[in-house]
Each structure stands twice: as C-alpha cells, then as structure tokens.
$ cat coords_16.txt   # compact mmCIF, N, CA and C atoms
# COMPACT_ATOMS: atom_id res chain seq x y z
N PRO I 20 8.39 10.33 -12.88
CA PRO I 20 8.01 11.74 -12.76
C PRO I 20 9.10 12.56 -12.05
N LYS I 21 9.03 13.85 -12.21
CA LYS I 21 9.99 14.74 -11.56
C LYS I 21 9.92 14.54 -10.05
N GLY I 22 11.10 14.43 -9.42
CA GLY I 22 11.17 14.24 -7.98
C GLY I 22 11.12 12.78 -7.56
N TYR I 23 11.08 11.88 -8.52
CA TYR I 23 11.04 10.43 -8.25
C TYR I 23 12.21 9.75 -8.94
N HIS I 24 12.55 8.58 -8.47
CA HIS I 24 13.50 7.72 -9.17
C HIS I 24 12.93 6.30 -9.19
N LEU I 25 13.37 5.52 -10.16
CA LEU I 25 12.88 4.15 -10.32
C LEU I 25 13.71 3.21 -9.46
N VAL I 26 13.04 2.39 -8.67
CA VAL I 26 13.72 1.39 -7.86
C VAL I 26 13.35 0.00 -8.37
N HIS I 27 14.29 -0.90 -8.27
CA HIS I 27 14.09 -2.30 -8.65
C HIS I 27 14.24 -3.13 -7.38
N GLU I 28 13.28 -3.97 -7.14
CA GLU I 28 13.31 -4.86 -5.98
C GLU I 28 13.33 -6.29 -6.50
N PRO I 29 14.54 -6.83 -6.77
CA PRO I 29 14.64 -8.16 -7.40
C PRO I 29 14.02 -9.30 -6.59
N LYS I 30 14.08 -9.23 -5.25
CA LYS I 30 13.49 -10.30 -4.44
C LYS I 30 11.98 -10.38 -4.64
N LEU I 31 11.36 -9.22 -4.88
CA LEU I 31 9.91 -9.17 -5.09
C LEU I 31 9.55 -9.29 -6.56
N GLY I 32 10.53 -9.06 -7.43
CA GLY I 32 10.27 -9.11 -8.86
C GLY I 32 9.46 -7.93 -9.36
N VAL I 33 9.74 -6.73 -8.80
CA VAL I 33 8.98 -5.53 -9.17
C VAL I 33 9.91 -4.32 -9.30
N SER I 34 9.41 -3.32 -10.00
CA SER I 34 10.03 -2.00 -10.02
C SER I 34 8.92 -0.97 -9.93
N PHE I 35 9.27 0.22 -9.43
CA PHE I 35 8.27 1.28 -9.27
C PHE I 35 9.00 2.60 -8.97
N PRO I 36 8.34 3.72 -9.25
CA PRO I 36 8.92 5.01 -8.90
C PRO I 36 8.69 5.31 -7.42
N ILE I 37 9.66 5.99 -6.82
CA ILE I 37 9.53 6.38 -5.41
C ILE I 37 10.10 7.79 -5.27
N PRO I 38 9.54 8.62 -4.41
CA PRO I 38 10.10 9.96 -4.24
C PRO I 38 11.59 9.91 -3.89
N ASN I 39 12.33 10.87 -4.39
CA ASN I 39 13.79 10.88 -4.23
C ASN I 39 14.24 10.84 -2.78
N ASP I 40 13.50 11.45 -1.86
CA ASP I 40 13.95 11.49 -0.48
C ASP I 40 13.39 10.35 0.39
N TRP I 41 12.64 9.44 -0.20
CA TRP I 41 12.14 8.28 0.55
C TRP I 41 13.20 7.18 0.50
N THR I 42 13.40 6.48 1.61
CA THR I 42 14.43 5.45 1.68
C THR I 42 13.85 4.13 2.17
N PRO I 43 14.50 3.02 1.76
CA PRO I 43 14.03 1.72 2.24
C PRO I 43 14.35 1.56 3.73
N ARG I 44 13.38 1.05 4.47
CA ARG I 44 13.55 0.84 5.90
C ARG I 44 13.57 -0.64 6.27
N ASN I 45 12.94 -1.43 5.44
CA ASN I 45 12.83 -2.85 5.78
C ASN I 45 12.63 -3.63 4.49
N ARG I 46 13.45 -4.64 4.27
CA ARG I 46 13.31 -5.51 3.09
C ARG I 46 13.30 -6.95 3.55
N THR I 47 12.30 -7.68 3.03
CA THR I 47 12.26 -9.13 3.24
C THR I 47 11.97 -9.76 1.88
N ALA I 48 11.82 -11.05 1.86
CA ALA I 48 11.48 -11.74 0.62
C ALA I 48 10.03 -11.47 0.22
N GLU I 49 9.20 -10.98 1.16
CA GLU I 49 7.78 -10.74 0.89
C GLU I 49 7.40 -9.27 0.76
N GLN I 50 8.25 -8.35 1.26
CA GLN I 50 7.86 -6.95 1.20
C GLN I 50 9.06 -6.01 1.34
N VAL I 51 8.83 -4.77 0.93
CA VAL I 51 9.78 -3.69 1.16
C VAL I 51 8.98 -2.46 1.59
N ILE I 52 9.55 -1.71 2.53
CA ILE I 52 8.90 -0.51 3.03
C ILE I 52 9.82 0.68 2.75
N TYR I 53 9.28 1.71 2.11
CA TYR I 53 9.99 2.97 1.89
C TYR I 53 9.28 4.03 2.72
N THR I 54 10.07 4.88 3.41
CA THR I 54 9.47 5.91 4.25
C THR I 54 10.05 7.29 3.95
N THR I 55 9.30 8.29 4.39
CA THR I 55 9.74 9.67 4.31
C THR I 55 10.89 9.87 5.29
N PRO I 56 11.64 10.97 5.16
CA PRO I 56 12.71 11.23 6.14
C PRO I 56 12.20 11.27 7.58
N SER I 57 10.98 11.74 7.80
CA SER I 57 10.42 11.79 9.15
C SER I 57 10.00 10.41 9.65
N GLY I 58 9.80 9.48 8.73
CA GLY I 58 9.33 8.15 9.10
C GLY I 58 7.83 8.07 9.34
N LEU I 59 7.11 9.18 9.19
CA LEU I 59 5.66 9.18 9.46
C LEU I 59 4.83 8.63 8.32
N ALA I 60 5.29 8.78 7.10
CA ALA I 60 4.54 8.26 5.95
C ALA I 60 5.40 7.18 5.29
N GLY I 61 4.72 6.18 4.74
CA GLY I 61 5.46 5.11 4.10
C GLY I 61 4.63 4.37 3.09
N ILE I 62 5.35 3.74 2.18
CA ILE I 62 4.69 2.90 1.19
C ILE I 62 5.29 1.51 1.31
N THR I 63 4.43 0.52 1.36
CA THR I 63 4.85 -0.87 1.46
C THR I 63 4.44 -1.58 0.18
N ILE I 64 5.38 -2.29 -0.41
CA ILE I 64 5.10 -3.15 -1.55
C ILE I 64 5.25 -4.57 -1.04
N GLY I 65 4.18 -5.34 -1.13
CA GLY I 65 4.21 -6.70 -0.62
C GLY I 65 3.73 -7.69 -1.64
N THR I 66 4.06 -8.95 -1.41
CA THR I 66 3.59 -10.04 -2.26
C THR I 66 3.04 -11.16 -1.40
N VAL I 67 2.05 -11.85 -1.95
CA VAL I 67 1.46 -13.01 -1.30
C VAL I 67 1.40 -14.11 -2.35
N ALA I 68 1.87 -15.29 -2.01
CA ALA I 68 1.78 -16.41 -2.94
C ALA I 68 1.42 -17.66 -2.15
N PRO I 69 0.47 -18.41 -2.62
CA PRO I 69 -0.31 -18.15 -3.82
C PRO I 69 -1.45 -17.18 -3.54
N ALA I 70 -1.84 -16.45 -4.56
CA ALA I 70 -2.97 -15.52 -4.45
C ALA I 70 -4.27 -16.30 -4.36
N GLY I 71 -5.21 -15.73 -3.62
CA GLY I 71 -6.55 -16.32 -3.53
C GLY I 71 -7.40 -15.88 -4.71
N PRO I 72 -8.69 -16.17 -4.66
CA PRO I 72 -9.57 -15.84 -5.78
C PRO I 72 -9.73 -14.34 -6.01
N ASN I 73 -9.66 -13.54 -4.93
CA ASN I 73 -9.75 -12.09 -5.09
C ASN I 73 -9.08 -11.44 -3.88
N PRO I 74 -8.28 -10.40 -4.09
CA PRO I 74 -7.63 -9.74 -2.96
C PRO I 74 -8.59 -9.19 -1.92
N ALA I 75 -9.85 -8.97 -2.26
CA ALA I 75 -10.82 -8.50 -1.27
C ALA I 75 -10.94 -9.50 -0.12
N ASN I 76 -10.84 -10.78 -0.42
CA ASN I 76 -10.90 -11.80 0.64
C ASN I 76 -9.70 -11.65 1.57
N HIS I 77 -8.52 -11.42 1.00
CA HIS I 77 -7.30 -11.22 1.78
C HIS I 77 -7.45 -9.98 2.65
N PHE I 78 -7.97 -8.89 2.07
CA PHE I 78 -8.15 -7.66 2.83
C PHE I 78 -9.15 -7.85 3.97
N ALA I 79 -10.19 -8.61 3.75
CA ALA I 79 -11.18 -8.87 4.80
C ALA I 79 -10.52 -9.58 5.98
N ASP I 80 -9.63 -10.51 5.70
CA ASP I 80 -8.89 -11.20 6.77
C ASP I 80 -8.00 -10.23 7.53
N ILE I 81 -7.29 -9.37 6.80
CA ILE I 81 -6.42 -8.38 7.44
C ILE I 81 -7.26 -7.38 8.25
N GLU I 82 -8.42 -7.01 7.71
CA GLU I 82 -9.28 -6.06 8.41
C GLU I 82 -9.69 -6.61 9.78
N ALA I 83 -9.96 -7.89 9.87
CA ALA I 83 -10.33 -8.48 11.15
C ALA I 83 -9.24 -8.24 12.19
N ASN I 84 -7.97 -8.41 11.80
CA ASN I 84 -6.86 -8.15 12.72
C ASN I 84 -6.72 -6.67 13.01
N THR I 85 -6.94 -5.84 12.02
CA THR I 85 -6.84 -4.39 12.20
C THR I 85 -7.87 -3.93 13.23
N LYS I 86 -9.07 -4.47 13.18
CA LYS I 86 -10.10 -4.11 14.15
C LYS I 86 -9.69 -4.50 15.57
N VAL I 87 -8.96 -5.61 15.70
CA VAL I 87 -8.48 -6.04 17.02
C VAL I 87 -7.39 -5.10 17.51
N ASN I 88 -6.46 -4.72 16.62
CA ASN I 88 -5.34 -3.87 17.00
C ASN I 88 -5.75 -2.41 17.24
N TYR I 89 -6.82 -1.97 16.59
CA TYR I 89 -7.31 -0.59 16.74
C TYR I 89 -8.82 -0.62 17.02
N PRO I 90 -9.23 -1.21 18.15
CA PRO I 90 -10.65 -1.46 18.38
C PRO I 90 -11.53 -0.21 18.44
N THR I 91 -11.00 0.91 18.88
CA THR I 91 -11.83 2.11 19.01
C THR I 91 -11.59 3.12 17.90
N SER I 92 -10.51 2.97 17.13
CA SER I 92 -10.18 4.02 16.18
C SER I 92 -10.23 3.60 14.71
N TYR I 93 -10.27 2.29 14.44
CA TYR I 93 -10.32 1.87 13.04
C TYR I 93 -11.66 2.25 12.42
N ARG I 94 -11.59 2.81 11.20
CA ARG I 94 -12.82 3.12 10.47
C ARG I 94 -12.59 2.83 9.00
N ARG I 95 -13.39 1.93 8.46
CA ARG I 95 -13.31 1.62 7.03
C ARG I 95 -13.92 2.77 6.24
N LEU I 96 -13.19 3.21 5.21
CA LEU I 96 -13.73 4.21 4.30
C LEU I 96 -14.30 3.54 3.06
N ARG I 97 -13.61 2.52 2.58
CA ARG I 97 -14.14 1.70 1.48
C ARG I 97 -13.31 0.43 1.35
N MET I 98 -13.96 -0.60 0.87
CA MET I 98 -13.31 -1.84 0.47
C MET I 98 -14.16 -2.37 -0.68
N GLN I 99 -13.56 -2.44 -1.84
CA GLN I 99 -14.34 -2.87 -3.00
C GLN I 99 -13.48 -3.67 -3.97
N ARG I 100 -14.16 -4.59 -4.62
CA ARG I 100 -13.53 -5.37 -5.68
C ARG I 100 -13.42 -4.50 -6.92
N THR I 101 -12.37 -4.71 -7.68
CA THR I 101 -12.16 -3.98 -8.92
C THR I 101 -11.24 -4.83 -9.80
N THR I 102 -10.70 -4.25 -10.82
CA THR I 102 -9.65 -4.91 -11.60
C THR I 102 -8.49 -3.93 -11.73
N PHE I 103 -7.32 -4.48 -11.91
CA PHE I 103 -6.12 -3.68 -12.12
C PHE I 103 -5.27 -4.44 -13.13
N ARG I 104 -4.99 -3.79 -14.24
CA ARG I 104 -4.23 -4.42 -15.32
C ARG I 104 -4.85 -5.76 -15.72
N GLU I 105 -6.17 -5.73 -15.83
CA GLU I 105 -6.96 -6.87 -16.29
C GLU I 105 -6.87 -8.09 -15.37
N GLN I 106 -6.57 -7.85 -14.10
CA GLN I 106 -6.51 -8.92 -13.12
C GLN I 106 -7.46 -8.59 -11.96
N PRO I 107 -7.93 -9.62 -11.24
CA PRO I 107 -8.77 -9.35 -10.07
C PRO I 107 -8.02 -8.46 -9.08
N ALA I 108 -8.72 -7.49 -8.52
CA ALA I 108 -8.09 -6.54 -7.61
C ALA I 108 -9.10 -6.09 -6.56
N ALA I 109 -8.57 -5.43 -5.55
CA ALA I 109 -9.40 -4.80 -4.52
C ALA I 109 -8.70 -3.55 -4.03
N ILE I 110 -9.49 -2.59 -3.60
CA ILE I 110 -8.97 -1.35 -3.02
C ILE I 110 -9.59 -1.20 -1.64
N TRP I 111 -8.76 -0.85 -0.66
CA TRP I 111 -9.21 -0.73 0.72
C TRP I 111 -8.65 0.58 1.28
N GLU I 112 -9.51 1.42 1.79
CA GLU I 112 -9.10 2.66 2.43
C GLU I 112 -9.67 2.69 3.83
N PHE I 113 -8.86 3.19 4.79
CA PHE I 113 -9.31 3.24 6.17
C PHE I 113 -8.52 4.27 6.95
N THR I 114 -9.00 4.59 8.14
CA THR I 114 -8.30 5.46 9.07
C THR I 114 -8.11 4.72 10.39
N PHE I 115 -7.12 5.17 11.15
CA PHE I 115 -6.87 4.59 12.47
C PHE I 115 -6.06 5.59 13.28
N GLN I 116 -6.09 5.43 14.58
CA GLN I 116 -5.35 6.31 15.47
C GLN I 116 -3.97 5.71 15.75
N GLY I 117 -2.92 6.44 15.39
CA GLY I 117 -1.56 6.05 15.74
C GLY I 117 -1.25 6.46 17.17
N ARG I 118 0.00 6.33 17.57
CA ARG I 118 0.37 6.69 18.95
C ARG I 118 0.12 8.17 19.24
N ALA I 119 0.43 9.03 18.25
CA ALA I 119 0.34 10.47 18.50
C ALA I 119 -0.64 11.22 17.60
N ARG I 120 -1.14 10.54 16.54
CA ARG I 120 -1.98 11.26 15.58
C ARG I 120 -2.81 10.27 14.78
N PRO I 121 -3.89 10.74 14.16
CA PRO I 121 -4.67 9.89 13.27
C PRO I 121 -3.93 9.65 11.95
N PHE I 122 -4.10 8.46 11.41
CA PHE I 122 -3.50 8.08 10.13
C PHE I 122 -4.59 7.65 9.16
N ARG I 123 -4.23 7.72 7.91
CA ARG I 123 -5.09 7.22 6.85
C ARG I 123 -4.25 6.29 5.99
N ALA I 124 -4.91 5.29 5.40
CA ALA I 124 -4.19 4.31 4.58
C ALA I 124 -5.02 3.91 3.38
N ILE I 125 -4.32 3.51 2.34
CA ILE I 125 -4.95 2.95 1.15
C ILE I 125 -4.12 1.75 0.73
N ASP I 126 -4.79 0.70 0.29
CA ASP I 126 -4.12 -0.54 -0.12
C ASP I 126 -4.77 -1.05 -1.40
N LEU I 127 -3.96 -1.31 -2.39
CA LEU I 127 -4.41 -1.93 -3.64
C LEU I 127 -3.76 -3.29 -3.73
N GLY I 128 -4.57 -4.32 -3.89
CA GLY I 128 -4.05 -5.67 -4.09
C GLY I 128 -4.57 -6.21 -5.41
N TYR I 129 -3.70 -6.91 -6.14
CA TYR I 129 -4.16 -7.51 -7.38
C TYR I 129 -3.35 -8.76 -7.69
N GLY I 130 -3.97 -9.67 -8.43
CA GLY I 130 -3.29 -10.89 -8.85
C GLY I 130 -4.29 -11.99 -9.17
N ARG I 131 -3.82 -12.93 -9.96
CA ARG I 131 -4.67 -14.06 -10.35
C ARG I 131 -4.53 -15.21 -9.35
N GLU I 132 -5.65 -15.86 -9.09
CA GLU I 132 -5.66 -16.99 -8.16
C GLU I 132 -4.60 -18.00 -8.53
N GLY I 133 -3.85 -18.44 -7.51
CA GLY I 133 -2.80 -19.43 -7.71
C GLY I 133 -1.47 -18.82 -8.09
N GLY I 134 -1.48 -17.57 -8.55
CA GLY I 134 -0.25 -16.87 -8.91
C GLY I 134 0.24 -16.06 -7.73
N ARG I 135 0.75 -14.90 -8.02
CA ARG I 135 1.26 -14.00 -6.98
C ARG I 135 0.34 -12.80 -6.87
N GLU I 136 0.01 -12.42 -5.64
CA GLU I 136 -0.74 -11.19 -5.39
C GLU I 136 0.26 -10.10 -5.02
N TYR I 137 0.09 -8.93 -5.60
CA TYR I 137 0.91 -7.77 -5.29
C TYR I 137 0.07 -6.76 -4.53
N ASP I 138 0.66 -6.15 -3.51
CA ASP I 138 -0.04 -5.15 -2.71
C ASP I 138 0.77 -3.87 -2.67
N ILE I 139 0.09 -2.75 -2.89
CA ILE I 139 0.69 -1.43 -2.80
C ILE I 139 -0.06 -0.69 -1.71
N TYR I 140 0.63 -0.37 -0.61
CA TYR I 140 -0.01 0.17 0.59
C TYR I 140 0.67 1.48 0.99
N LEU I 141 -0.11 2.52 1.18
CA LEU I 141 0.39 3.80 1.65
C LEU I 141 -0.29 4.14 2.97
N SER I 142 0.49 4.57 3.94
CA SER I 142 -0.01 5.05 5.22
C SER I 142 0.64 6.40 5.50
N ALA I 143 -0.15 7.38 5.97
CA ALA I 143 0.37 8.72 6.24
C ALA I 143 -0.53 9.41 7.27
N PRO I 144 0.01 10.41 7.96
CA PRO I 144 -0.84 11.18 8.87
C PRO I 144 -2.05 11.74 8.12
N GLU I 145 -3.20 11.59 8.73
CA GLU I 145 -4.43 12.03 8.06
C GLU I 145 -4.40 13.51 7.71
N GLU I 146 -3.80 14.33 8.56
CA GLU I 146 -3.75 15.77 8.29
C GLU I 146 -2.87 16.12 7.09
N GLN I 147 -2.02 15.19 6.65
CA GLN I 147 -1.15 15.41 5.49
C GLN I 147 -1.54 14.51 4.31
N TRP I 148 -2.72 13.93 4.36
CA TRP I 148 -3.15 12.98 3.34
C TRP I 148 -3.08 13.57 1.93
N ASP I 149 -3.50 14.80 1.77
CA ASP I 149 -3.49 15.40 0.44
C ASP I 149 -2.07 15.55 -0.11
N THR I 150 -1.09 15.63 0.76
CA THR I 150 0.31 15.71 0.34
C THR I 150 0.83 14.35 -0.11
N TYR I 151 0.47 13.30 0.64
CA TYR I 151 1.04 11.97 0.39
C TYR I 151 0.22 11.08 -0.53
N ARG I 152 -1.07 11.32 -0.66
CA ARG I 152 -1.91 10.46 -1.51
C ARG I 152 -1.40 10.40 -2.95
N PRO I 153 -0.90 11.50 -3.54
CA PRO I 153 -0.37 11.41 -4.90
C PRO I 153 0.82 10.45 -5.05
N VAL I 154 1.55 10.20 -3.97
CA VAL I 154 2.66 9.24 -4.04
C VAL I 154 2.11 7.85 -4.37
N PHE I 155 1.00 7.49 -3.74
CA PHE I 155 0.37 6.20 -4.04
C PHE I 155 0.04 6.10 -5.52
N ASP I 156 -0.55 7.15 -6.07
CA ASP I 156 -0.91 7.15 -7.49
C ASP I 156 0.30 6.97 -8.39
N GLN I 157 1.39 7.66 -8.08
CA GLN I 157 2.61 7.55 -8.90
C GLN I 157 3.20 6.14 -8.82
N VAL I 158 3.25 5.58 -7.61
CA VAL I 158 3.78 4.22 -7.44
C VAL I 158 2.89 3.23 -8.18
N ARG I 159 1.60 3.34 -7.99
CA ARG I 159 0.64 2.44 -8.67
C ARG I 159 0.79 2.53 -10.17
N ASP I 160 0.81 3.73 -10.71
CA ASP I 160 0.85 3.90 -12.15
C ASP I 160 2.17 3.43 -12.77
N GLY I 161 3.26 3.53 -12.01
CA GLY I 161 4.55 3.12 -12.53
C GLY I 161 4.99 1.72 -12.10
N PHE I 162 4.14 1.02 -11.36
CA PHE I 162 4.46 -0.31 -10.84
C PHE I 162 4.56 -1.33 -11.97
N ARG I 163 5.63 -2.09 -11.98
CA ARG I 163 5.84 -3.13 -13.00
C ARG I 163 6.39 -4.39 -12.35
N THR I 164 5.94 -5.53 -12.86
CA THR I 164 6.56 -6.79 -12.46
C THR I 164 7.74 -7.01 -13.42
N THR I 165 8.79 -7.61 -12.89
CA THR I 165 10.00 -7.80 -13.70
C THR I 165 10.31 -9.25 -13.91
$ encode --input "coords_16.txt" --output "structure tokens"
Amino acid sequence: PKGYHLVHEPKLGVSFPIPNDWTPRNRTAEQVIYTTPSGLAGITIGTVAPAGPNPANHFADIEANTKVNYPTSYRRLRMQRTTFREQPAAIWEFTFQGRARPFRAIDLGYGREGGREYDIYLSAPEEQWDTYRPVFDQVRDGFRTT
C-alpha cells in the first residue's frame, strides 16, 4: 500500500509490508521488531517452533506472565480461537500501563501443530490506537511465508 514498503526477513522466512518510516530495532532468529521513529509504537513478527495445537494455548501461557509483569494494569479485551489462512489461529487484544502512558496491543498467532507458529504483534499508546491499528491490518494482510 501507499506509504509502505515490502521487507523480507530471511531468518524468519517471511515478508510483509511495513510503513516507510518504521525501522528494525531488534532481529534474532525468532523475531524482528519494527518501530516508529518515536519508538512508542512497534510491530513484532515472531516465530515459535514447534507450534502447539492452537496458538490460544500459547497466548494463555504468555498472558500469565503478562499478569505478573502488569499486576494492576493488565486488562484482557479479547482472546479467541479463530483461523487464519485455513490454519488454527488465535487473536488476543489487551491493554496495560507503560512507564508513562497506557498502551494497547493486539497479537495474531497462527500455525499447524508440529510446524511453525507465526505471531504478528502490535503495541502502541492507547490514545493513538486508531492511528496505529491499521498498520496491524496492513502487515497481517500482506504477510507471507517465503
């Protein structure tokens, strides 16, 4: 889409569109993080291998840690099983208090058991959610395994 460019992440075996002014901040064999120039909003593309029976189980495990790290401010908005590209998937949305402001996040995980699970995660200041939420949609819609 206009204002985006396609990035290829060979270590992860994926490609996806990312806003032109977002830059990679951290790359490992399991994930890459792209952030806005301010560093306040970011999208993380991660992989888990082997994938479990459904990413909702993985998200439930992560949620337990999130509740520990944000005991008074974490709030689940939704966590539900779904499908994505005909594979088992889950979507998880939540809010939490950062150091200086509230944040909102959305995470989509999908993959077949025993294979690789892919996760697309966006976090942004809650007051700017309507600005950044469309980035998640563009990345999700243009996400490809290579």
$ atom_distance --input "coords_16.txt" --atom1 "atom N of Glu82 of chain I" --atom2 "atom N of Gly161 of chain I"
25.2 Å
$ atom_distance --input "coords_16.txt" --atom1 "atom N of Thr42 of chain I" --atom2 "atom C of Ile64 of chain I"
14.0 Å
$ atom_distance --input "coords_16.txt" --atom1 "atom N of Thr114 of chain I" --atom2 "atom CA of Asp126 of chain I"
10.9 Å
$ closest_residue --input "coords_16.txt" --among "I:Thr150, I:Pro144, I:Asn39, I:Pro74" --to "Arg120 of chain I" --atoms "all atoms listed in the file"
I:Pro144
$ closest_residue --input "coords_16.txt" --among "I:Val87, I:Leu25, I:Ile37, I:Val158" --to "Thr54 of chain I" --atoms "only C-alpha atoms"
I:Ile37
$ closest_residue --input "coords_16.txt" --among "I:Arg152, I:Arg44, I:Arg135, I:Lys86" --to "Leu31 of chain I" --atoms "only C-alpha atoms"
I:Arg135
$ closest_residue --input "coords_16.txt" --among "I:Pro153, I:Gly134, I:Pro43, I:Gly22" --to "Ala70 of chain I" --atoms "only C-alpha atoms"
I:Gly134
$ select_by_dssp --input "coords_16.txt" --residues "chain I" --states "strand (DSSP E or B)" --output "NGL selection string"
:I and (23-28 or 33-38 or 42-46 or 50-54 or 61-67 or 94-103 or 106-116 or 121-129 or 136-144 or 163-164)
$ residues_near_point --input "coords_16.txt" --point "(3.7, 5.9, 2.4)" --cutoff "6 Å" --atoms "only N, CA and C atoms" --output "list in words"
Tyr53, Ala60, Gly61, Ile62, Thr63, Tyr140, Leu141, Ser142 and Ala143 of chain I
$ closest_residue --input "coords_16.txt" --among "I:Val33, I:Ala48, I:Val67, I:Val26" --to "Gly133 of chain I" --atoms "only N, CA and C atoms"
I:Val67
$ residues_near_point --input "coords_16.txt" --point "(6.6, -7.2, -14.8)" --cutoff "7 Å" --atoms "all atoms listed in the file" --output "ChimeraX atom specification"
/I:32-34,162-165
